[in-house]
Amino acid sequence: MKSCRMLSVTKNKKVKMMNTKEHGLRALEEQIRRELGYLNYPTDNWVKPLNDSVGREALDVAIIGGGMCGMAAAFGLTKEGIRNFRIFDAGDEGFEGPWATTARMRTLRSPKRLPGPHMGLPSLTFQSWYRTQVDDETWDELEHIPRETWMNYLRWYRQILEIPVENNNALKKIIPDGELLRLQFLGSDGDFEVLTRRLVMATGRSAFGGVRVPGIFKDIPKKFYAHTEEMIDFPALRGKDVLVIGGAASAVDNAAVALENGANKVSLLMRSESIPRLNKFKNIAYAGFLRGYYSLDDETRWRFLHHGQEARVAAPRRSMLRLKEYSNFHIHTDSGVKDVKFNDQKITIETDKEEFTGDFVILGTGYAIDIKRQAELADHAGKVLLWQDCYTPPADVANEELGRFPYLGPAFEFLEKENGIAPFLNRIHLFNAATTLSHAAVSSDIPGVNIGAERLVNALAVRFFNEGADQHLQDFYDYSDPELLGDEWREEV
Ligand SMILES: Cc1cc2nc3c(=O)[nH]c(=O)nc-3n(C[C@H](O)[C@H](O)[C@H](O)COP(=O)(O)OP(=O)(O)OC[C@H]3O[C@@H](n4cnc5c(N)ncnc54)[C@H](O)[C@@H]3O)c2cc1C
């Protein structure tokens, strides 16, 4: 039993830690405000408003998505003096992206030293935020970043930079309107429209066709299966036999959560002949690759992504270890799914090797790449240039899915399938995971986010300047602020 003295020592230690935490954070926030001041942040807006032919007011940029990528873009725009923008997110405040919703790993895959969306400001890194709240020992002991901690960092990032995310507003439709784009939203108070010159879609991993659900599931009642990207009632799986399809991180973490919630048996079915052990993508997260990839020729870019995908990405070691203690967990390799049947409240999956029967299926089958299935883009799907429209890979690296990736321009903008059929497309800048084949993972994963946001913001600055070039030239002609007042020299000079 603890003595009163011990209890009060523990209490004092806790109070001290809380004080350190609050004090450290307050000091860091003051420092960041000071550093932003040194950068003259927020920078004055310099973008010339578009002279729309009927005189309507429009945003310069609408950003869709208030996750890591959308916020980095918003910070970058504000730093560069592109201030007439709004940022919308379909999700609830503080729950943007997967971290506090559908992600089920305990910690991030990335190492703790990864800086996060700092955009050049060391005080904004994850390490800076975390370390100011703990002592050196606690930082040293932290092995990997718990996902809730990462979400808290992103929440703080939004608050300290005052990023004005407007939550609970989902973009539904994009309508070209003269030189503008008319965006239709469904918000918590109903529908509304926003006019913008340019649209940045920082919409996350599943936003270029949703999730991959094998067609054979079309007749299976929905309450008997879910994709890892959905909310799943795990406590309801207690005592049930669960089949998980897929061998990557999400499949493994979902299997673990099912077991931790008391599932009777969990069987993981994967296509690979053996359990994948490598994550090839770890090898291409350095600045040279992330900056230089876009300038490679099409075949080399294709070969990089093709090779990474073919090698299959191993689940993180920590996720696999989570499963090890469960004797009611089984991995079945070489078990590609062939067919599925629903009978007597049970699901039977026929694989290359054998049949498996269970009460519930979790699909860890990843994300689709199919613009036709992306609601807000579907109207324009036939006009957007895809890789398959302009590049034929050598036979040894043929891949239908890669062919469906968008072939993007240098500002992440959509290009037209045929010149002149939809010029408005170059005002839509895709800044999500579907940019990977064109630009590398600079608008999806943490290591590339600063390079991606910087590239996007630079390109937007160039375009806005060019669009307003006549007015900027006129301003230059008209400029008449005297540097010297005439009293700086003696009369006889
Ligand atoms: C389970 C999981 C684990 C991951 N772990 C790691 C990791 O360890 N390391 C790493 O580097 N990367 C990781 N990633 C990859 C990547 O870092 C994350 O996907 C990250 O969330 C990407 O940030 P984002 O801003 O691009 O997208 P998101 O964080 O997904 O944000 C996109 C936002 O767009 C909003 N949105 C989408 N469509 C609309 C619409 N039509 N209207 C309005 N709003 C919309 C969504 O509500 C969402 O909030 C992981 C991804 C997942 C899914």
# chains A, B, ... in the order shown; residues from 1 in each chain; ligands from 1

call {"tool": "residues_around", "arguments": {"residues": "segment 345-362 of chain A", "least_positions_apart": "3", "cutoff": "7 Å", "atoms": "only C-alpha atoms", "output": "list in words"}}
result
Phe224, Tyr225, Ala226, His227, Thr228, Lys240, Asp241, Val242, Leu243, Val244, Ile245, Asp334, Ser335, Gly336, Val337, Lys338, Asp339, Val340, Lys341 and Phe342 of chain A

call {"tool": "closest_atom_pairs", "arguments": {"of": "chain A", "to": "ligand 1", "cutoff": "6 Å", "atoms": "only C-alpha atoms and all ligand atoms", "output": "tab-separated table"}}
result
residue	atom	partner	partner_atom_place_in_ligand_line	distance
A:Ile64	CA	ligand 1	44 (N)	5.2
A:Gly65	CA	ligand 1	34 (O)	3.3
A:Gly66	CA	ligand 1	33 (C)	5.3
A:Gly67	CA	ligand 1	25 (O)	3.6
A:Met68	CA	ligand 1	25 (O)	3.8
A:Cys69	CA	ligand 1	25 (O)	3.7
A:Gly70	CA	ligand 1	25 (O)	5.4
A:Phe88	CA	ligand 1	43 (C)	5.7
A:Asp89	CA	ligand 1	44 (N)	3.6
A:Ala90	CA	ligand 1	44 (N)	3.8
A:Gly91	CA	ligand 1	47 (O)	4.4
A:Glu96	CA	ligand 1	49 (O)	3.4
A:Gly97	CA	ligand 1	29 (O)	3.2
A:Pro98	CA	ligand 1	53 (C)	5.5
A:Ala103	CA	ligand 1	1 (C)	4.0
A:Leu108	CA	ligand 1	8 (O)	3.6
A:Arg109	CA	ligand 1	8 (O)	3.5
A:Ser110	CA	ligand 1	8 (O)	4.4
A:Asn169	CA	ligand 1	43 (C)	5.7
A:Ala170	CA	ligand 1	42 (N)	3.5
A:Leu171	CA	ligand 1	42 (N)	3.9
A:Lys172	CA	ligand 1	41 (N)	6.0
A:Ala202	CA	ligand 1	26 (O)	5.6
A:Thr203	CA	ligand 1	34 (O)	3.6
A:Gly204	CA	ligand 1	27 (O)	3.3
A:Arg205	CA	ligand 1	19 (O)	5.4
A:Asn432	CA	ligand 1	26 (O)	5.2
A:Ser443	CA	ligand 1	26 (O)	5.8
A:Ser444	CA	ligand 1	26 (O)	4.4
A:Asp445	CA	ligand 1	11 (O)	3.8
A:Ile446	CA	ligand 1	11 (O)	3.7
A:Pro447	CA	ligand 1	11 (O)	5.8

call {"tool": "write_last_selection", "arguments": {"atoms": "C-alpha atoms", "output": "compact mmCIF listing (two decimals), in the first residue's frame"}}
result
# COMPACT_ATOMS: atom_id res chain seq x y z
CA ILE A 64 -10.18 20.87 -50.14
CA GLY A 65 -8.84 18.84 -47.22
CA GLY A 66 -7.62 20.12 -43.86
CA GLY A 67 -5.27 17.18 -43.18
CA MET A 68 -1.48 17.41 -43.16
CA CYS A 69 -1.15 18.19 -46.89
CA GLY A 70 -3.95 20.77 -47.03
CA PHE A 88 -12.67 23.15 -46.35
CA ASP A 89 -12.85 19.67 -44.86
CA ALA A 90 -15.69 17.16 -44.82
CA GLY A 91 -14.67 15.78 -41.41
CA GLU A 96 -9.22 15.18 -40.29
CA GLY A 97 -7.49 12.29 -42.04
CA PRO A 98 -7.15 8.72 -40.77
CA ALA A 103 -6.24 4.14 -38.65
CA LEU A 108 3.29 5.56 -37.02
CA ARG A 109 5.45 3.55 -39.36
CA SER A 110 7.73 6.56 -39.78
CA ASN A 169 -18.14 20.90 -45.59
CA ALA A 170 -17.88 18.29 -48.33
CA LEU A 171 -17.09 19.24 -51.92
CA LYS A 172 -19.63 17.54 -54.16
CA ALA A 202 -5.60 17.73 -50.72
CA THR A 203 -8.12 14.99 -50.22
CA GLY A 204 -6.09 12.05 -48.93
CA ARG A 205 -5.48 8.47 -49.87
CA ASN A 432 -3.29 13.73 -52.86
CA SER A 443 1.50 14.98 -51.43
CA SER A 444 0.69 11.93 -49.37
CA ASP A 445 3.39 10.64 -47.03
CA ILE A 446 5.09 12.60 -44.26
CA PRO A 447 8.68 12.59 -45.64

call {"tool": "residues_around", "arguments": {"residues": "Pro393 of chain A", "least_positions_apart": "2", "cutoff": "12 Å", "atoms": "only C-alpha atoms", "output": "PyMOL selection string"}}
result
chain A and resi 297-303+306+387-391+395-400+402-403

call {"tool": "write_last_selection", "arguments": {"atoms": "N, CA, C and O atoms", "output": "mmCIF file, in the first residue's frame"}}
result
data_model
loop_
_atom_site.group_PDB
_atom_site.id
_atom_site.type_symbol
_atom_site.label_atom_id
_atom_site.label_comp_id
_atom_site.auth_asym_id
_atom_site.auth_seq_id
_atom_site.Cartn_x
_atom_site.Cartn_y
_atom_site.Cartn_z
ATOM 1 N N ASP A 297 12.160 10.765 -67.160
ATOM 2 C CA ASP A 297 11.306 10.407 -68.292
ATOM 3 C C ASP A 297 10.213 9.443 -67.830
ATOM 4 O O ASP A 297 10.289 8.853 -66.742
ATOM 5 N N ASP A 298 9.199 9.285 -68.670
ATOM 6 C CA ASP A 298 8.025 8.506 -68.261
ATOM 7 C C ASP A 298 8.387 7.067 -67.899
ATOM 8 O O ASP A 298 7.889 6.515 -66.920
ATOM 9 N N GLU A 299 9.249 6.452 -68.706
ATOM 10 C CA GLU A 299 9.535 5.041 -68.444
ATOM 11 C C GLU A 299 10.213 4.856 -67.082
ATOM 12 O O GLU A 299 9.878 3.944 -66.322
ATOM 13 N N THR A 300 11.151 5.739 -66.758
ATOM 14 C CA THR A 300 11.858 5.572 -65.475
ATOM 15 C C THR A 300 10.890 5.782 -64.310
ATOM 16 O O THR A 300 10.905 5.039 -63.322
ATOM 17 N N ARG A 301 10.019 6.796 -64.454
ATOM 18 C CA ARG A 301 9.051 7.022 -63.370
ATOM 19 C C ARG A 301 8.164 5.788 -63.195
ATOM 20 O O ARG A 301 7.923 5.311 -62.097
ATOM 21 N N TRP A 302 7.697 5.289 -64.329
ATOM 22 C CA TRP A 302 6.820 4.109 -64.296
ATOM 23 C C TRP A 302 7.531 2.933 -63.644
ATOM 24 O O TRP A 302 6.976 2.236 -62.807
ATOM 25 N N ARG A 303 8.802 2.730 -64.019
ATOM 26 C CA ARG A 303 9.555 1.578 -63.478
ATOM 27 C C ARG A 303 9.717 1.684 -61.958
ATOM 28 O O ARG A 303 9.622 0.700 -61.242
ATOM 29 N N HIS A 306 6.221 0.926 -60.426
ATOM 30 C CA HIS A 306 5.879 -0.457 -60.739
ATOM 31 C C HIS A 306 6.671 -1.400 -59.832
ATOM 32 O O HIS A 306 6.119 -2.312 -59.210
ATOM 33 N N TRP A 387 -2.265 8.346 -67.487
ATOM 34 C CA TRP A 387 -1.027 7.774 -68.034
ATOM 35 C C TRP A 387 -1.336 6.867 -69.218
ATOM 36 O O TRP A 387 -0.613 6.857 -70.212
ATOM 37 N N GLN A 388 -2.416 6.100 -69.138
ATOM 38 C CA GLN A 388 -2.718 5.156 -70.225
ATOM 39 C C GLN A 388 -3.030 5.874 -71.544
ATOM 40 O O GLN A 388 -2.967 5.275 -72.611
ATOM 41 N N ASP A 389 -3.352 7.182 -71.464
ATOM 42 C CA ASP A 389 -3.666 7.930 -72.692
ATOM 43 C C ASP A 389 -2.415 8.379 -73.428
ATOM 44 O O ASP A 389 -2.476 8.764 -74.594
ATOM 45 N N CYS A 390 -1.286 8.413 -72.727
ATOM 46 C CA CYS A 390 -0.130 9.016 -73.379
ATOM 47 C C CYS A 390 1.147 8.191 -73.216
ATOM 48 O O CYS A 390 2.194 8.597 -73.690
ATOM 49 N N TYR A 391 1.055 7.044 -72.556
ATOM 50 C CA TYR A 391 2.279 6.268 -72.356
ATOM 51 C C TYR A 391 1.966 4.773 -72.400
ATOM 52 O O TYR A 391 1.040 4.301 -71.735
ATOM 53 N N ALA A 395 6.451 -4.326 -72.199
ATOM 54 C CA ALA A 395 5.623 -5.466 -71.768
ATOM 55 C C ALA A 395 6.010 -5.995 -70.387
ATOM 56 O O ALA A 395 5.154 -6.434 -69.626
ATOM 57 N N ASP A 396 7.302 -5.919 -70.050
ATOM 58 C CA ASP A 396 7.707 -6.498 -68.758
ATOM 59 C C ASP A 396 7.207 -5.699 -67.562
ATOM 60 O O ASP A 396 7.266 -6.188 -66.428
ATOM 61 N N VAL A 397 6.722 -4.482 -67.795
ATOM 62 C CA VAL A 397 6.209 -3.690 -66.659
ATOM 63 C C VAL A 397 4.771 -3.212 -66.915
ATOM 64 O O VAL A 397 4.339 -2.185 -66.387
ATOM 65 N N ALA A 398 4.045 -3.981 -67.740
ATOM 66 C CA ALA A 398 2.647 -3.602 -68.018
ATOM 67 C C ALA A 398 1.864 -3.635 -66.704
ATOM 68 O O ALA A 398 2.132 -4.461 -65.831
ATOM 69 N N ASN A 399 0.933 -2.689 -66.555
ATOM 70 C CA ASN A 399 0.139 -2.640 -65.318
ATOM 71 C C ASN A 399 -1.058 -1.724 -65.563
ATOM 72 O O ASN A 399 -0.895 -0.519 -65.750
ATOM 73 N N GLU A 400 -2.247 -2.338 -65.559
ATOM 74 C CA GLU A 400 -3.459 -1.568 -65.884
ATOM 75 C C GLU A 400 -3.715 -0.458 -64.873
ATOM 76 O O GLU A 400 -4.105 0.643 -65.233
ATOM 77 N N LEU A 402 -1.667 1.235 -62.947
ATOM 78 C CA LEU A 402 -0.775 2.402 -63.092
ATOM 79 C C LEU A 402 -1.253 3.277 -64.240
ATOM 80 O O LEU A 402 -1.165 4.507 -64.184
ATOM 81 N N GLY A 403 -1.778 2.640 -65.274
ATOM 82 C CA GLY A 403 -2.279 3.389 -66.426
ATOM 83 C C GLY A 403 -3.430 4.323 -66.078
ATOM 84 O O GLY A 403 -3.673 5.311 -66.771
#

call {"tool": "select_by_dssp", "arguments": {"residues": "segment 121-311 of chain A", "states": "strand (DSSP E or B)", "output": "MDAnalysis selection string"}}
result
chainID A and resid 144:146 165:166 169:177 180:187 190:201 211 225:227 241:245 265:269

call {"tool": "atom_distance", "arguments": {"atom1": "atom CA of Ser438 of chain A", "atom2": "atom CA of Val211 of chain A"}}
result
20.6 Å

call {"tool": "closest_residue", "arguments": {"among": "A:Phe217, A:Phe431, A:Phe465, A:Phe476", "to": "Met71 of chain A", "atoms": "only C-alpha atoms"}}
result
A:Phe431

call {"tool": "closest_residue", "arguments": {"among": "A:Asp253, A:Glu230, A:Glu454, A:Asp92", "to": "Arg104 of chain A", "atoms": "only C-alpha atoms"}}
result
A:Asp253

call {"tool": "residues_around", "arguments": {"residues": "Glu416 of chain A", "least_positions_apart": "5", "cutoff": "6 Å", "atoms": "only C-alpha atoms", "output": "ChimeraX atom specification"}}
result
/A:383-385

call {"tool": "closest_residue", "arguments": {"among": "A:Lys173, A:Leu305, A:Ala73, A:Ser480", "to": "Val194 of chain A", "atoms": "only C-alpha atoms"}}
result
A:Lys173

call {"tool": "residues_around", "arguments": {"residues": "segment 145-147 of chain A", "least_positions_apart": "4", "cutoff": "10 Å", "atoms": "only C-alpha atoms", "output": "MDAnalysis selection string"}}
result
chainID A and resid 98:100 103:114 126 130 151:153

call {"tool": "residues_around", "arguments": {"residues": "Leu124 of chain A", "least_positions_apart": "5", "cutoff": "8 Å", "atoms": "only C-alpha atoms", "output": "list in words"}}
result
Ile32, Pro117, His118, Trp129 and Tyr157 of chain A

call {"tool": "closest_residue", "arguments": {"among": "A:Met119, A:Ala258, A:Ile163, A:Leu183", "to": "Leu59 of chain A", "atoms": "only C-alpha atoms"}}
result
A:Leu183

call {"tool": "atom_distance", "arguments": {"atom1": "atom CA of Glu137 of chain A", "atom2": "atom CA of Leu321 of chain A"}}
result
25.3 Å

call {"tool": "decode", "arguments": {"residues": "segment 117-128 of chain A", "atoms": "N, CA, C and O atoms", "output": "PDB file, in the first residue's frame"}}
result
ATOM      1  N   PRO A 117       5.223  18.624 -41.268  1.00  0.00           N
ATOM      2  CA  PRO A 117       5.016  19.716 -42.246  1.00  0.00           C
ATOM      3  C   PRO A 117       5.546  21.071 -41.758  1.00  0.00           C
ATOM      4  O   PRO A 117       4.796  22.022 -41.612  1.00  0.00           O
ATOM      5  N   HIS A 118       6.843  21.152 -41.513  1.00  0.00           N
ATOM      6  CA  HIS A 118       7.408  22.359 -40.894  1.00  0.00           C
ATOM      7  C   HIS A 118       7.574  23.514 -41.873  1.00  0.00           C
ATOM      8  O   HIS A 118       7.635  24.667 -41.470  1.00  0.00           O
ATOM      9  N   MET A 119       7.671  23.213 -43.152  1.00  0.00           N
ATOM     10  CA  MET A 119       7.840  24.232 -44.189  1.00  0.00           C
ATOM     11  C   MET A 119       9.004  25.185 -43.883  1.00  0.00           C
ATOM     12  O   MET A 119       8.931  26.394 -44.109  1.00  0.00           O
ATOM     13  N   GLY A 120      10.066  24.628 -43.343  1.00  0.00           N
ATOM     14  CA  GLY A 120      11.291  25.419 -43.143  1.00  0.00           C
ATOM     15  C   GLY A 120      11.435  26.007 -41.745  1.00  0.00           C
ATOM     16  O   GLY A 120      12.440  26.643 -41.455  1.00  0.00           O
ATOM     17  N   LEU A 121      10.457  25.834 -40.881  1.00  0.00           N
ATOM     18  CA  LEU A 121      10.527  26.424 -39.540  1.00  0.00           C
ATOM     19  C   LEU A 121      10.827  25.321 -38.507  1.00  0.00           C
ATOM     20  O   LEU A 121       9.930  24.563 -38.147  1.00  0.00           O
ATOM     21  N   PRO A 122      12.075  25.237 -38.002  1.00  0.00           N
ATOM     22  CA  PRO A 122      12.426  24.136 -37.100  1.00  0.00           C
ATOM     23  C   PRO A 122      11.490  24.020 -35.893  1.00  0.00           C
ATOM     24  O   PRO A 122      11.204  22.934 -35.423  1.00  0.00           O
ATOM     25  N   SER A 123      10.999  25.151 -35.398  1.00  0.00           N
ATOM     26  CA  SER A 123      10.140  25.098 -34.199  1.00  0.00           C
ATOM     27  C   SER A 123       8.799  24.420 -34.468  1.00  0.00           C
ATOM     28  O   SER A 123       8.071  24.098 -33.540  1.00  0.00           O
ATOM     29  N   LEU A 124       8.470  24.244 -35.724  1.00  0.00           N
ATOM     30  CA  LEU A 124       7.170  23.637 -36.054  1.00  0.00           C
ATOM     31  C   LEU A 124       7.244  22.127 -36.217  1.00  0.00           C
ATOM     32  O   LEU A 124       6.246  21.491 -36.519  1.00  0.00           O
ATOM     33  N   THR A 125       8.427  21.550 -36.052  1.00  0.00           N
ATOM     34  CA  THR A 125       8.557  20.102 -36.279  1.00  0.00           C
ATOM     35  C   THR A 125       7.881  19.314 -35.156  1.00  0.00           C
ATOM     36  O   THR A 125       7.655  19.828 -34.061  1.00  0.00           O
ATOM     37  N   PHE A 126       7.627  18.056 -35.448  1.00  0.00           N
ATOM     38  CA  PHE A 126       7.057  17.175 -34.426  1.00  0.00           C
ATOM     39  C   PHE A 126       7.977  17.127 -33.211  1.00  0.00           C
ATOM     40  O   PHE A 126       7.548  17.224 -32.065  1.00  0.00           O
ATOM     41  N   GLN A 127       9.276  16.996 -33.479  1.00  0.00           N
ATOM     42  CA  GLN A 127      10.232  16.853 -32.380  1.00  0.00           C
ATOM     43  C   GLN A 127      10.206  18.071 -31.463  1.00  0.00           C
ATOM     44  O   GLN A 127      10.222  17.953 -30.236  1.00  0.00           O
ATOM     45  N   SER A 128      10.140  19.235 -32.090  1.00  0.00           N
ATOM     46  CA  SER A 128      10.123  20.459 -31.302  1.00  0.00           C
ATOM     47  C   SER A 128       8.878  20.497 -30.413  1.00  0.00           C
ATOM     48  O   SER A 128       8.954  20.773 -29.213  1.00  0.00           O
TER      49      SER A 128
END
